[in-house]
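A.B. asks: For reference, this is data_13.cif, and it has mmCIF, C-alpha atoms.
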data_work
loop_
_atom_site.label_atom_id
_atom_site.label_comp_id
_atom_site.auth_asym_id
_atom_site.auth_seq_id
_atom_site.Cartn_x
_atom_site.Cartn_y
_atom_site.Cartn_z
CA MET A 1 10.59 -9.15 38.84
CA LYS A 2 12.51 -11.26 36.36
CA THR A 3 10.95 -14.40 37.85
CA ASP A 4 7.51 -12.88 37.21
CA ILE A 5 8.41 -12.15 33.63
CA VAL A 6 9.65 -15.69 33.08
CA GLY A 7 6.45 -17.00 34.65
CA SER A 8 4.42 -15.01 32.13
CA LEU A 9 6.53 -16.32 29.29
CA GLU A 10 6.02 -19.90 30.42
CA SER A 11 2.28 -19.52 29.87
CA VAL A 12 3.16 -18.65 26.27
CA THR A 13 5.52 -21.56 25.76
CA ARG A 14 2.96 -24.00 27.14
CA VAL A 15 0.92 -23.50 23.97
CA ARG A 16 1.51 -26.42 21.63
CA GLY A 17 3.80 -25.45 18.76
CA VAL A 18 5.55 -22.58 20.55
CA ARG A 19 9.30 -23.14 20.46
CA GLY A 20 10.21 -20.26 22.72
CA ALA A 21 9.17 -16.88 24.07
CA MET A 22 11.04 -13.84 25.19
CA VAL A 23 10.81 -10.24 26.30
CA VAL A 24 12.80 -7.84 24.17
CA SER A 25 13.67 -4.18 24.54
CA ALA A 26 12.01 -2.65 21.50
CA GLU A 27 14.51 0.14 20.96
CA GLU A 28 17.79 -1.73 21.46
CA GLY A 29 16.63 -5.15 20.27
CA LEU A 30 18.18 -6.84 23.31
CA VAL A 31 16.91 -9.85 25.28
CA VAL A 32 15.35 -8.92 28.64
CA ALA A 33 14.10 -12.40 29.56
CA GLU A 34 13.47 -15.66 27.75
CA SER A 35 11.83 -19.04 28.21
CA SER A 36 12.39 -22.37 26.45
CA MET A 37 14.55 -20.98 23.69
CA GLU A 38 16.53 -24.18 23.12
CA GLY A 39 18.10 -24.29 19.71
CA ILE A 40 17.09 -20.71 18.98
CA ASP A 41 19.49 -17.79 18.87
CA GLY A 42 17.74 -15.48 21.33
CA ALA A 43 19.92 -12.49 20.52
CA ALA A 44 19.13 -12.82 16.82
CA VAL A 45 15.40 -13.17 17.50
CA ALA A 46 15.47 -10.07 19.69
CA ALA A 47 17.35 -7.91 17.23
CA LEU A 48 15.47 -9.03 14.14
CA THR A 49 12.01 -8.88 15.70
CA ALA A 50 12.66 -5.41 17.10
CA GLY A 51 13.80 -4.32 13.62
CA VAL A 52 10.71 -5.67 11.85
CA VAL A 53 8.32 -4.21 14.43
CA ALA A 54 10.05 -0.80 14.36
CA LYS A 55 9.89 -0.58 10.57
CA LEU A 56 6.25 -1.72 10.52
CA GLY A 57 5.54 0.95 13.12
CA ARG A 58 7.05 3.60 10.87
CA ALA A 59 4.96 2.31 7.94
CA THR A 60 1.71 2.38 9.92
CA GLU A 61 2.58 5.86 11.20
CA ALA A 62 3.15 7.02 7.60
CA ALA A 63 -0.28 5.57 6.78
CA GLY A 64 -1.82 7.73 9.49
CA ARG A 65 -2.53 4.70 11.69
CA THR A 66 -1.51 3.82 15.21
CA THR A 67 1.47 1.59 15.99
CA PRO A 68 0.87 -2.17 15.69
CA ALA A 69 -0.63 -3.91 18.71
CA PHE A 70 0.18 -7.33 17.24
CA VAL A 71 2.63 -8.43 14.55
CA HIS A 72 2.66 -11.83 12.88
CA LEU A 73 5.55 -12.70 10.57
CA GLN A 74 4.69 -16.00 8.90
CA ALA A 75 7.29 -18.15 7.18
CA GLU A 76 7.16 -21.57 5.54
CA GLY A 77 8.63 -23.30 8.58
CA GLY A 78 7.23 -21.25 11.45
CA ALA A 79 6.33 -17.81 12.66
CA LEU A 80 7.45 -14.87 14.76
CA LEU A 81 4.71 -13.21 16.80
CA ALA A 82 5.13 -10.01 18.77
CA VAL A 83 3.02 -7.85 21.06
CA PRO A 84 4.22 -4.54 22.51
CA ALA A 85 4.30 -4.16 26.27
CA PRO A 86 4.68 -1.16 28.57
CA GLY A 87 8.19 0.14 29.11
CA ASP A 88 9.16 -0.02 25.44
CA LEU A 89 9.20 -3.80 25.52
CA LEU A 90 8.03 -6.51 23.15
CA VAL A 91 6.79 -9.97 24.09
CA VAL A 92 7.84 -12.33 21.32
CA ALA A 93 7.11 -15.96 20.46
CA VAL A 94 8.82 -18.22 17.94
CA THR A 95 6.52 -20.98 16.74
CA ASP A 96 6.33 -23.98 14.46
CA ALA A 97 4.29 -23.72 11.29
CA GLU A 98 1.41 -25.65 12.89
CA VAL A 99 0.31 -23.53 15.83
CA ASN A 100 -2.86 -21.93 17.07
CA VAL A 101 -1.91 -18.31 16.33
CA GLY A 102 -5.01 -16.96 18.04
CA LEU A 103 -4.15 -18.73 21.27
CA VAL A 104 -0.54 -17.58 21.18
CA ARG A 105 -1.70 -14.02 20.60
CA LEU A 106 -3.93 -14.22 23.67
CA GLU A 107 -1.09 -15.52 25.82
CA LEU A 108 1.28 -12.87 24.48
CA ARG A 109 -1.24 -10.18 25.39
CA HIS A 110 -1.66 -11.64 28.89
CA ALA A 111 2.10 -11.64 29.29
CA ALA A 112 2.32 -8.03 28.09
CA GLU A 113 -0.39 -6.99 30.54
CA HIS A 114 1.52 -8.75 33.29
CA LEU A 115 4.54 -6.55 32.53
CA ALA A 116 2.55 -3.37 33.16
CA MET B 117 -9.96 16.32 5.21
CA SER B 118 -11.71 15.45 8.46
CA ASN B 119 -15.29 14.30 8.95
CA ASP B 120 -16.07 17.74 10.32
CA ASP B 121 -14.70 19.42 7.19
CA ILE B 122 -16.87 17.17 5.02
CA ARG B 123 -19.91 17.93 7.15
CA VAL B 124 -19.24 21.66 6.74
CA LEU B 125 -18.90 21.34 2.96
CA THR B 126 -22.06 19.22 2.78
CA ALA B 127 -23.94 21.84 4.79
CA GLN B 128 -22.64 24.61 2.54
CA LEU B 129 -23.77 22.74 -0.55
CA ALA B 130 -27.19 22.05 0.95
CA ALA B 131 -27.57 25.74 1.80
CA ASP B 132 -26.45 26.83 -1.66
CA PRO B 133 -26.78 24.09 -4.30
CA SER B 134 -25.26 26.40 -6.90
CA SER B 135 -22.03 26.66 -4.92
CA LEU B 136 -18.78 25.38 -6.40
CA VAL B 137 -18.11 23.70 -3.08
CA PHE B 138 -19.18 20.45 -4.77
CA LEU B 139 -15.67 20.26 -6.24
CA PRO B 140 -13.70 19.94 -2.97
CA LEU B 141 -16.52 17.89 -1.43
CA GLY B 142 -16.56 15.38 -4.29
CA GLU B 143 -12.77 15.12 -4.23
CA ALA B 144 -12.75 14.56 -0.45
CA LEU B 145 -15.31 11.78 -0.77
CA ARG B 146 -13.33 10.21 -3.61
CA ARG B 147 -10.15 10.20 -1.54
CA ARG B 148 -12.02 8.50 1.29
CA GLY B 149 -13.19 5.81 -1.11
CA GLN B 150 -16.86 6.89 -0.95
CA LEU B 151 -17.11 6.65 -4.71
CA GLY B 152 -20.88 6.37 -4.96
CA ALA B 153 -21.36 9.57 -2.98
CA ALA B 154 -18.53 11.29 -4.86
CA GLU B 155 -20.09 10.38 -8.22
CA LYS B 156 -23.50 11.75 -7.16
CA ILE B 157 -21.90 15.02 -6.08
CA ALA B 158 -19.94 15.26 -9.34
CA MET B 159 -23.01 14.49 -11.48
CA ALA B 160 -25.13 17.03 -9.61
CA GLY B 161 -22.39 19.62 -10.13
CA LEU B 162 -22.22 18.82 -13.84
CA MET B 163 -25.97 19.32 -14.16
CA ARG B 164 -25.45 22.91 -13.06
CA TYR B 165 -22.07 23.50 -14.66
CA PRO B 166 -21.86 21.33 -17.80
CA GLU B 167 -19.14 23.53 -19.24
CA LEU B 168 -16.90 23.53 -16.19
CA ALA B 169 -13.73 21.54 -16.95
CA ASP B 170 -13.02 20.99 -13.24
CA ALA B 171 -16.38 19.24 -12.85
CA HIS B 172 -15.61 16.82 -15.70
CA ASP B 173 -12.15 16.27 -14.18
CA LEU B 174 -13.72 15.40 -10.83
CA LEU B 175 -16.12 12.91 -12.41
CA ALA B 176 -13.28 11.38 -14.44
CA ARG B 177 -11.18 10.81 -11.31
CA VAL B 178 -14.12 9.10 -9.60
CA LEU B 179 -14.69 6.91 -12.66
CA GLY B 180 -10.99 6.12 -12.85
CA ASP B 181 -11.05 4.93 -9.25
CA ARG B 182 -14.02 2.72 -10.08
CA GLY B 183 -12.08 1.16 -12.94
CA GLU B 184 -14.40 2.66 -15.56
CA LEU B 185 -11.48 3.83 -17.63
CA GLU B 186 -13.28 4.46 -20.93
CA ARG B 187 -15.81 6.74 -19.27
CA ALA B 188 -13.01 8.43 -17.36
CA PHE B 189 -11.20 9.06 -20.66
CA ASP B 190 -14.36 10.58 -22.17
CA GLU B 191 -14.78 12.97 -19.24
CA TRP B 192 -11.15 14.10 -19.35
CA ASP B 193 -11.48 14.49 -23.11
CA ILE B 194 -14.48 16.80 -22.59
CA ALA B 195 -12.51 18.71 -19.95
CA LEU B 196 -9.72 19.29 -22.47
CA ARG B 197 -12.16 20.46 -25.11
CA LEU B 198 -13.44 23.02 -22.61
CA ASP B 199 -9.99 23.98 -21.36
CA GLY B 200 -7.09 22.81 -23.48
CA ARG B 201 -4.59 23.56 -20.71
CA HIS B 202 -6.41 21.72 -17.92
CA ALA B 203 -3.59 20.10 -15.93
CA GLY B 204 -5.75 17.48 -14.22
CA ALA B 205 -7.24 16.28 -17.50
CA HIS B 206 -3.84 16.07 -19.21
CA LYS B 207 -2.49 14.19 -16.20
CA GLY B 208 -5.41 11.77 -16.14
CA ILE B 209 -5.29 11.05 -19.86
CA GLY B 210 -1.53 10.70 -19.62
CA PHE B 211 -1.93 8.00 -17.00
CA LEU B 212 -4.56 6.22 -19.08
CA TYR B 213 -2.25 6.16 -22.09
CA PHE B 214 0.54 4.92 -19.85
CA VAL B 215 -1.63 2.10 -18.54
CA ALA B 216 -2.60 1.25 -22.11
CA GLY B 217 1.09 1.09 -23.05
CA ASP B 218 1.02 4.09 -25.43
CA LEU B 219 4.07 5.83 -24.01
CA ALA B 220 4.34 8.52 -26.69
CA GLN B 221 0.80 9.75 -26.06
CA ALA B 222 1.33 9.43 -22.31
CA LEU B 223 4.42 11.62 -22.51
CA GLU B 224 2.66 14.24 -24.63
CA HIS B 225 -0.15 14.65 -22.08
CA LEU B 226 2.05 14.47 -19.01
CA GLU B 227 4.31 17.16 -20.47
CA ALA B 228 1.25 19.30 -21.15
CA ALA B 229 0.12 18.74 -17.54
CA HIS B 230 3.55 19.76 -16.30
CA ALA B 231 3.57 22.86 -18.48
CA ALA B 232 0.11 23.87 -17.25
CA ASP B 233 0.95 23.29 -13.59
CA PRO B 234 4.68 22.84 -12.90
CA LYS B 235 3.99 22.32 -9.18
CA ALA B 236 1.52 19.46 -9.63
CA ASP B 237 2.44 16.53 -7.40
CA GLY B 238 4.48 13.84 -9.08
CA VAL B 239 3.97 14.98 -12.68
CA ALA B 240 7.62 15.93 -13.26
CA ALA B 241 8.72 12.53 -11.96
CA ALA B 242 6.14 10.79 -14.15
CA VAL B 243 7.39 12.67 -17.22
CA ALA B 244 10.95 11.57 -16.44
CA ARG B 245 9.93 7.95 -16.00
CA VAL B 246 7.91 7.81 -19.20
CA ARG B 247 10.81 9.40 -21.10
CA GLU B 248 13.12 6.78 -19.65
CA ALA B 249 10.73 4.00 -20.67
CA LEU B 250 10.49 5.48 -24.17
CA ASP B 251 14.28 5.62 -24.43
CA THR B 252 14.48 1.98 -23.41
CA GLU B 253 11.89 1.08 -26.01
CA SER B 254 13.57 3.04 -28.80
CA GLY B 255 16.90 1.46 -27.80
CA ARG B 256 15.35 -1.96 -28.29
CA ALA B 257 13.93 -0.96 -31.65
CA GLY B 258 17.35 0.34 -32.72
CA VAL B 259 19.01 -2.94 -31.89
CA ALA B 260 16.36 -4.91 -33.73
CA ASP B 261 16.49 -2.60 -36.76
CA ALA B 262 20.22 -3.11 -37.03
CA GLY B 263 19.56 -6.79 -37.56
CA ARG B 264 21.62 -7.83 -34.55
CA PRO B 265 20.36 -10.44 -32.14
CA VAL B 266 18.26 -8.88 -29.40
CA SER B 267 19.92 -9.45 -26.05
CA GLU B 268 18.00 -11.16 -23.25
CA ALA B 269 17.94 -7.96 -21.22
CA ALA B 270 16.70 -5.89 -24.11
CA ALA B 271 14.00 -8.40 -24.94
CA LYS B 272 12.39 -8.04 -21.53
CA PRO B 273 9.22 -6.01 -21.35
CA VAL B 274 9.60 -2.46 -20.09
CA SER B 275 9.47 -2.56 -16.31
CA PRO B 276 6.37 -1.06 -14.79
CA SER B 277 7.33 2.41 -13.64
CA PRO B 278 6.46 3.67 -10.19
CA LEU B 279 3.69 6.22 -10.36
CA PRO B 280 3.14 9.34 -8.30
CA ASP B 281 0.29 9.59 -5.84
CA GLY B 282 -2.69 10.97 -7.69
CA PRO B 283 -5.64 9.55 -9.56
CA SER B 284 -5.37 5.84 -8.85
CA VAL B 285 -5.98 4.84 -12.45
CA ALA B 286 -3.05 2.43 -12.41
CA GLY B 287 -4.42 0.90 -9.22
CA ALA B 288 -7.77 0.44 -10.84
CA ALA B 289 -6.11 -1.20 -13.83
CA ILE B 290 -4.16 -3.67 -11.68
CA PHE B 291 -6.82 -4.48 -9.15
CA ALA B 292 -10.00 -3.79 -11.14
CA GLY B 293 -12.91 -5.73 -9.75
CA LEU B 294 -11.30 -6.40 -6.39
CA GLU B 295 -12.53 -5.00 -3.11
CA GLY B 296 -10.58 -1.83 -2.29
CA ALA B 297 -9.17 -1.53 -5.82
CA GLN B 298 -9.00 2.23 -5.51
CA ASP B 299 -7.79 2.54 -1.93
CA GLY B 300 -6.18 0.10 0.45
CA LEU B 301 -4.23 -2.00 -2.04
CA LEU B 302 -0.65 -1.04 -2.73
CA LEU B 303 1.87 -2.73 -5.03
CA LEU B 304 5.53 -1.79 -4.68
CA ASP B 305 8.91 -3.00 -5.79
CA GLY B 306 11.66 -4.28 -3.52
CA SER B 307 13.28 -0.88 -3.30
CA GLY B 308 10.18 0.78 -1.91
CA LEU B 309 8.84 2.44 -5.06
CA ARG B 310 5.12 2.31 -5.65
CA LEU B 311 4.12 0.45 -8.80
CA GLY B 312 0.39 0.83 -8.48
CA GLY B 313 -2.60 0.95 -6.24
CA GLY B 314 -3.28 3.65 -3.72
CA LEU B 315 -3.57 4.33 -0.05
CA THR B 316 -5.09 7.25 1.78
CA ALA B 317 -4.76 8.11 5.43
CA PRO B 318 -7.90 8.58 7.53
CA ASP B 319 -7.52 12.35 7.02
CA GLY B 320 -7.64 11.91 3.24
CA ARG B 321 -3.93 12.38 2.49
CA ALA B 322 -2.46 10.18 -0.23
CA VAL B 323 0.20 8.20 1.61
CA GLY B 324 1.01 5.39 -0.81
CA ASP B 325 4.52 6.55 -1.66
CA ALA B 326 5.52 7.18 1.95
CA VAL B 327 4.22 3.82 3.15
CA ALA B 328 5.89 2.03 0.24
CA ALA B 329 9.23 3.55 1.17
CA HIS B 330 8.99 2.24 4.74
CA LEU B 331 7.80 -1.21 3.67
CA ALA B 332 10.99 -1.90 1.72
CA GLY B 333 12.77 -2.08 5.09
CA VAL B 334 10.17 -4.52 6.41
CA PHE B 335 10.73 -6.70 3.33
CA ARG B 336 14.50 -6.85 3.94
CA ASP B 337 14.21 -7.45 7.70
CA ALA B 338 11.52 -10.11 7.33
CA SER B 339 13.63 -11.99 4.80
CA ARG B 340 16.71 -11.78 7.01
CA ALA B 341 14.84 -12.77 10.17
CA THR B 342 13.27 -15.93 8.77
CA ARG B 343 16.52 -16.95 7.06
CA LEU B 344 18.65 -16.54 10.18
CA LEU B 345 16.09 -18.33 12.34
CA SER B 346 15.86 -21.21 9.85
CA LEU B 347 12.12 -20.64 9.42
CA GLY B 348 12.30 -20.84 5.62
CA ALA B 349 11.08 -18.14 3.28
CA TRP B 350 8.68 -15.60 4.75
CA THR B 351 5.19 -15.70 3.31
CA SER B 352 3.34 -12.83 4.97
CA VAL B 353 3.44 -10.16 7.64
CA ALA B 354 0.20 -9.21 9.37
CA ALA B 355 -0.18 -6.31 11.77
CA GLU B 356 -3.12 -5.16 13.85
CA THR B 357 -3.40 -1.56 14.93
CA ALA B 358 -6.16 0.10 16.92
CA ASP B 359 -7.92 1.31 13.78
CA ALA B 360 -6.71 -0.89 10.94
CA ASN B 361 -5.43 -4.31 9.97
CA LEU B 362 -2.56 -4.66 7.52
CA PHE B 363 -1.42 -7.64 5.48
CA LEU B 364 1.83 -7.76 3.52
CA CYS B 365 2.91 -10.47 1.09
CA ALA B 366 5.11 -10.88 -1.98
CA PRO B 367 3.26 -11.68 -5.24
CA THR B 368 6.66 -12.15 -6.92
CA PRO B 369 10.20 -12.28 -5.50
CA ASP B 370 10.73 -8.62 -6.43
CA SER B 371 7.43 -7.08 -5.41
CA LEU B 372 5.34 -6.50 -2.33
CA LEU B 373 1.61 -6.18 -1.91
CA LEU B 374 0.03 -4.37 1.02
CA LEU B 375 -3.63 -4.55 2.00
CA VAL B 376 -5.01 -2.15 4.56
CA ARG B 377 -8.51 -2.53 5.88
CA ASP B 378 -10.56 -1.27 8.77
CA SER B 379 -9.87 -3.13 12.01
CA SER B 380 -13.32 -4.74 11.74
CA VAL B 381 -12.03 -6.87 8.83
CA PRO B 382 -10.35 -9.97 10.33
CA ILE B 383 -6.79 -10.79 9.35
CA GLY B 384 -7.95 -14.15 7.96
CA ARG B 385 -10.18 -12.38 5.46
CA LEU B 386 -7.33 -10.08 4.51
CA ALA B 387 -5.24 -13.14 3.72
CA LEU B 388 -7.93 -14.37 1.30
CA GLN B 389 -8.19 -10.95 -0.34
CA ALA B 390 -4.39 -10.85 -0.59
CA GLU B 391 -4.38 -14.11 -2.55
CA ARG B 392 -6.75 -12.67 -5.14
CA ALA B 393 -4.89 -9.35 -5.31
CA SER B 394 -1.57 -11.19 -5.67
CA GLU B 395 -2.89 -13.08 -8.69
CA ALA B 396 -3.98 -9.79 -10.28
CA ALA B 397 -0.60 -8.23 -9.48
CA ARG B 398 1.29 -11.15 -11.01
CA ARG B 399 -0.77 -10.92 -14.20
CA TRP B 400 -0.04 -7.19 -14.39
CA LEU B 401 3.66 -7.53 -13.64
CA GLU B 402 4.12 -10.29 -16.20
CA ARG B 403 2.07 -8.68 -18.96
CA PRO B 404 3.81 -7.79 -22.22
CA ALA B 405 4.77 -4.13 -22.52
#
What does the file become when written as structure tokens?
C.D. replies:
Amino acid sequence: MKTDIVGSLESVTRVRGVRGAMVVSAEEGLVVAESSMEGIDGAAVAALTAGVVAKLGRATEAAGRTTPAFVHLQAEGGALLAVPAPGDLLVVAVTDAEVNVGLVRLELRHAAEHLA
Amino acid sequence: MSNDDIRVLTAQLAADPSSLVFLPLGEALRRRGQLGAAEKIAMAGLMRYPELADAHDLLARVLGDRGELERAFDEWDIALRLDGRHAGAHKGIGFLYFVAGDLAQALEHLEAAHAADPKADGVAAAVARVREALDTESGRAGVADAGRPVSEAAAKPVSPSPLPDGPSVAGAAIFAGLEGAQDGLLLLDGSGLRLGGGLTAPDGRAVGDAVAAHLAGVFRDASRATRLLSLGAWTSVAAETADANLFLCAPTPDSLLLLVRDSSVPIGRLALQAERASEAARRWLERPA
């Protein structure tokens, strides 16, 4: 199973500009699996991304909307992208500033579907 | 109010054009951002009931949402002439004076609104905030009158006070002329208090304050995440839900701007709208008191 997950993540990290990808437990903010996360603190990514997504989810719920199906945190030097997956999981990518966000989103969604 | 509720009210009004059901119908349409339809309903109601203060109040709220503040003031003024204790009219005029920077007049009308309807949403809090702003202002005047140098802190303009959910007059003032000025644009401070703009849920509830409170946490976590991951300062957070797209950015280091649009509006377009709204927010935040 874990090999399958890593295989899905590798399709994300093959996109130019993606520095790493991982599967995170949304509730605990813990790493479930990761791919090509060299130089990146996976535990920090997991915890922080889960926190941002959870708080955004509470905000969208307060607005009478559904929970986010895609989250894109953009910073000056890169981005964090997250897509929820079945089993209370998140598929997350850390990218450089210059990246095709649309393509990464597609690959994240494919990876999330693969986890179903 | 659901689509079905609005259909029922519309049917009732069609069956009996003299019915007062135009009041809740017009308000429901206003809250959904259907301002053209809401204005027609209010005007038709006023044709039948020109001396009904509630009808003038409804039209004023619609005009306020459209950014037509002078006309809104006139309608609330008429409402007060018809009913000197009309809470909605006092509240609306109080907000207009607040936006115009006349805090004394704002306080007078907000206190009258509170006296007329002590349970009205957010009015007590608004009275407290305007009093606080007035105290700050009189403190500054006292220092200046005494001939002492005015301290840097005291010389700063009065901070914009968070406003309760209600007529989005402040939102119209900040974002006048922008798409979604009356609903779907929300300005808040770093501690999650709404400064202006408005947001309604699909069922018509005003949810600006609740959403603002949750977004403060997003602001802190986004800042921490990008700092710890050496990604530099965060510039925006975009989220797609099944029925809406959201875009969050920071017009100034101490404020946040949220745009919410139907899911048919692409995130890229939201980013462009956010740039324009951020400029308007910066102008408003940096204006002299």
A.B. asks: Using all atoms listed in the file, select each residue of chain A with any atom at most 10 Å away from an atom of chain B, and give the selection as a PyMOL selection string.
C.D. replies: chain A and resi 39-42+44-83+94-97
A.B. asks: Would you please work out which residue, of B:Ala169, B:Ile157, B:Leu301, B:Ala393, is nearest to Ala195 of chain B when using only C-alpha atoms?
C.D. replies: B:Ala169
A.B. asks: Set the distance at 7 Å and use only C-alpha atoms: which residues neighbour Leu9 of chain A once local chain neighbours fewer than 3 positions away are removed? I'd like the list as a list in words.
C.D. replies: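 Surrounding residues, per the criterion: Ile5, Val6, Val12, Thr13, Ala21, Met22, Ser35 and Ala111 of chain A.
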A.B. asks: Between atom CA of Gly238 of chain B and atom CA of Arg399 of chain B, measure the distance and give it in Å to one decimal.
C.D. replies: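 Interatomic distance, atom CA of Gly238 of chain B to atom CA of Arg399 of chain B: 25.8 Å.
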A.B. asks: Can you measure atom CA of Pro369 of chain B to atom CA of Gly300 of chain B for me? One decimal in Å is fine.
C.D. replies: 21.4 Å
A.B. asks: With the PyMOL selection byres ((chain A and resi 26) around 7) as the selection, what would be picked from this file? Answer as a list in words, please.
C.D. replies: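 Checking the PyMOL selection byres ((chain A and resi 26) around 7) against this file, the residues are Val24, Ser25, Glu27, Glu28, Gly29, Ala50, Asp88, Leu89 and Leu90 of chain A.
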A.B. asks: Taking the file as shown, find all residues satisfying the PyMOL selection byres ((chain B and resi 125) around 12) and write them as a list in words.
C.D. replies: Met117, Ser118, Asn119, Asp120, Asp121, Ile122, Arg123, Val124, Thr126, Ala127, Gln128, Leu129, Ala130, Ala131, Asp132, Pro133, Ser135, Leu136, Val137, Phe138, Leu139, Pro140, Leu141, Gly142, Glu143, Ala144, Leu145 and Ile157 of chain B
A.B. asks: Could you pull the residues within 9 Å of Ala232 of chain B, counting only C-alpha atoms, minus those fewer than 6 positions along the same chain, as a list in words?
C.D. replies: Arg201, His202, Ala203 and His206 of chain B
A.B. asks: Hey, what comes out of the PyMOL selection byres ((chain B and resi 205) around 12) on this file? Could you write it as a count of residues only?
C.D. replies: 44
A.B. asks: What is the distance between atom CA of Leu30 of chain A and atom CA of Ile383 of chain B, in Å to one decimal?
C.D. replies: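 Rounded to one decimal, the two atoms are 28.9 Å apart.
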A.B. asks: Give me segment 19-37 of chain A with N, CA and C atoms filled in, as a PDB file, in the frame of the given file.
C.D. replies:
ATOM      1  N   ARG A  19       7.929 -22.658  20.226  1.00  0.00           N
ATOM      2  CA  ARG A  19       9.300 -23.140  20.460  1.00  0.00           C
ATOM      3  C   ARG A  19      10.002 -22.306  21.521  1.00  0.00           C
ATOM      4  N   GLY A  20       9.576 -21.092  21.712  1.00  0.00           N
ATOM      5  CA  GLY A  20      10.210 -20.260  22.720  1.00  0.00           C
ATOM      6  C   GLY A  20       9.533 -18.906  22.789  1.00  0.00           C
ATOM      7  N   ALA A  21       9.744 -18.222  23.907  1.00  0.00           N
ATOM      8  CA  ALA A  21       9.170 -16.880  24.070  1.00  0.00           C
ATOM      9  C   ALA A  21      10.180 -16.010  24.786  1.00  0.00           C
ATOM     10  N   MET A  22      10.091 -14.737  24.548  1.00  0.00           N
ATOM     11  CA  MET A  22      11.040 -13.840  25.190  1.00  0.00           C
ATOM     12  C   MET A  22      10.487 -12.429  25.300  1.00  0.00           C
ATOM     13  N   VAL A  23      11.112 -11.677  26.201  1.00  0.00           N
ATOM     14  CA  VAL A  23      10.810 -10.240  26.300  1.00  0.00           C
ATOM     15  C   VAL A  23      12.033  -9.509  25.759  1.00  0.00           C
ATOM     16  N   VAL A  24      11.751  -8.531  24.904  1.00  0.00           N
ATOM     17  CA  VAL A  24      12.800  -7.840  24.170  1.00  0.00           C
ATOM     18  C   VAL A  24      12.654  -6.337  24.389  1.00  0.00           C
ATOM     19  N   SER A  25      13.766  -5.640  24.513  1.00  0.00           N
ATOM     20  CA  SER A  25      13.670  -4.180  24.540  1.00  0.00           C
ATOM     21  C   SER A  25      13.477  -3.712  23.097  1.00  0.00           C
ATOM     22  N   ALA A  26      12.395  -2.984  22.877  1.00  0.00           N
ATOM     23  CA  ALA A  26      12.010  -2.650  21.500  1.00  0.00           C
ATOM     24  C   ALA A  26      13.030  -1.740  20.831  1.00  0.00           C
ATOM     25  N   GLU A  27      13.607  -0.833  21.585  1.00  0.00           N
ATOM     26  CA  GLU A  27      14.510   0.140  20.960  1.00  0.00           C
ATOM     27  C   GLU A  27      15.872  -0.475  20.654  1.00  0.00           C
ATOM     28  N   GLU A  28      16.431  -1.192  21.656  1.00  0.00           N
ATOM     29  CA  GLU A  28      17.790  -1.730  21.460  1.00  0.00           C
ATOM     30  C   GLU A  28      17.784  -3.103  20.790  1.00  0.00           C
ATOM     31  N   GLY A  29      16.659  -3.801  20.835  1.00  0.00           N
ATOM     32  CA  GLY A  29      16.630  -5.150  20.270  1.00  0.00           C
ATOM     33  C   GLY A  29      17.415  -6.142  21.094  1.00  0.00           C
ATOM     34  N   LEU A  30      17.415  -5.960  22.413  1.00  0.00           N
ATOM     35  CA  LEU A  30      18.180  -6.840  23.310  1.00  0.00           C
ATOM     36  C   LEU A  30      17.230  -7.732  24.109  1.00  0.00           C
ATOM     37  N   VAL A  31      17.720  -8.916  24.490  1.00  0.00           N
ATOM     38  CA  VAL A  31      16.910  -9.850  25.280  1.00  0.00           C
ATOM     39  C   VAL A  31      16.806  -9.335  26.717  1.00  0.00           C
ATOM     40  N   VAL A  32      15.576  -9.283  27.238  1.00  0.00           N
ATOM     41  CA  VAL A  32      15.350  -8.920  28.640  1.00  0.00           C
ATOM     42  C   VAL A  32      15.112 -10.193  29.460  1.00  0.00           C
ATOM     43  N   ALA A  33      14.345 -11.116  28.905  1.00  0.00           N
ATOM     44  CA  ALA A  33      14.100 -12.400  29.560  1.00  0.00           C
ATOM     45  C   ALA A  33      13.644 -13.389  28.498  1.00  0.00           C
ATOM     46  N   GLU A  34      13.876 -14.679  28.760  1.00  0.00           N
ATOM     47  CA  GLU A  34      13.470 -15.660  27.750  1.00  0.00           C
ATOM     48  C   GLU A  34      13.054 -16.964  28.425  1.00  0.00           C
ATOM     49  N   SER A  35      12.316 -17.769  27.685  1.00  0.00           N
ATOM     50  CA  SER A  35      11.830 -19.040  28.210  1.00  0.00           C
ATOM     51  C   SER A  35      11.829 -20.080  27.097  1.00  0.00           C
ATOM     52  N   SER A  36      12.412 -21.231  27.392  1.00  0.00           N
ATOM     53  CA  SER A  36      12.390 -22.370  26.450  1.00  0.00           C
ATOM     54  C   SER A  36      12.857 -21.977  25.068  1.00  0.00           C
ATOM     55  N   MET A  37      14.041 -21.406  24.993  1.00  0.00           N
ATOM     56  CA  MET A  37      14.550 -20.980  23.690  1.00  0.00           C
ATOM     57  C   MET A  37      15.632 -21.930  23.184  1.00  0.00           C
TER      58      MET A  37
END
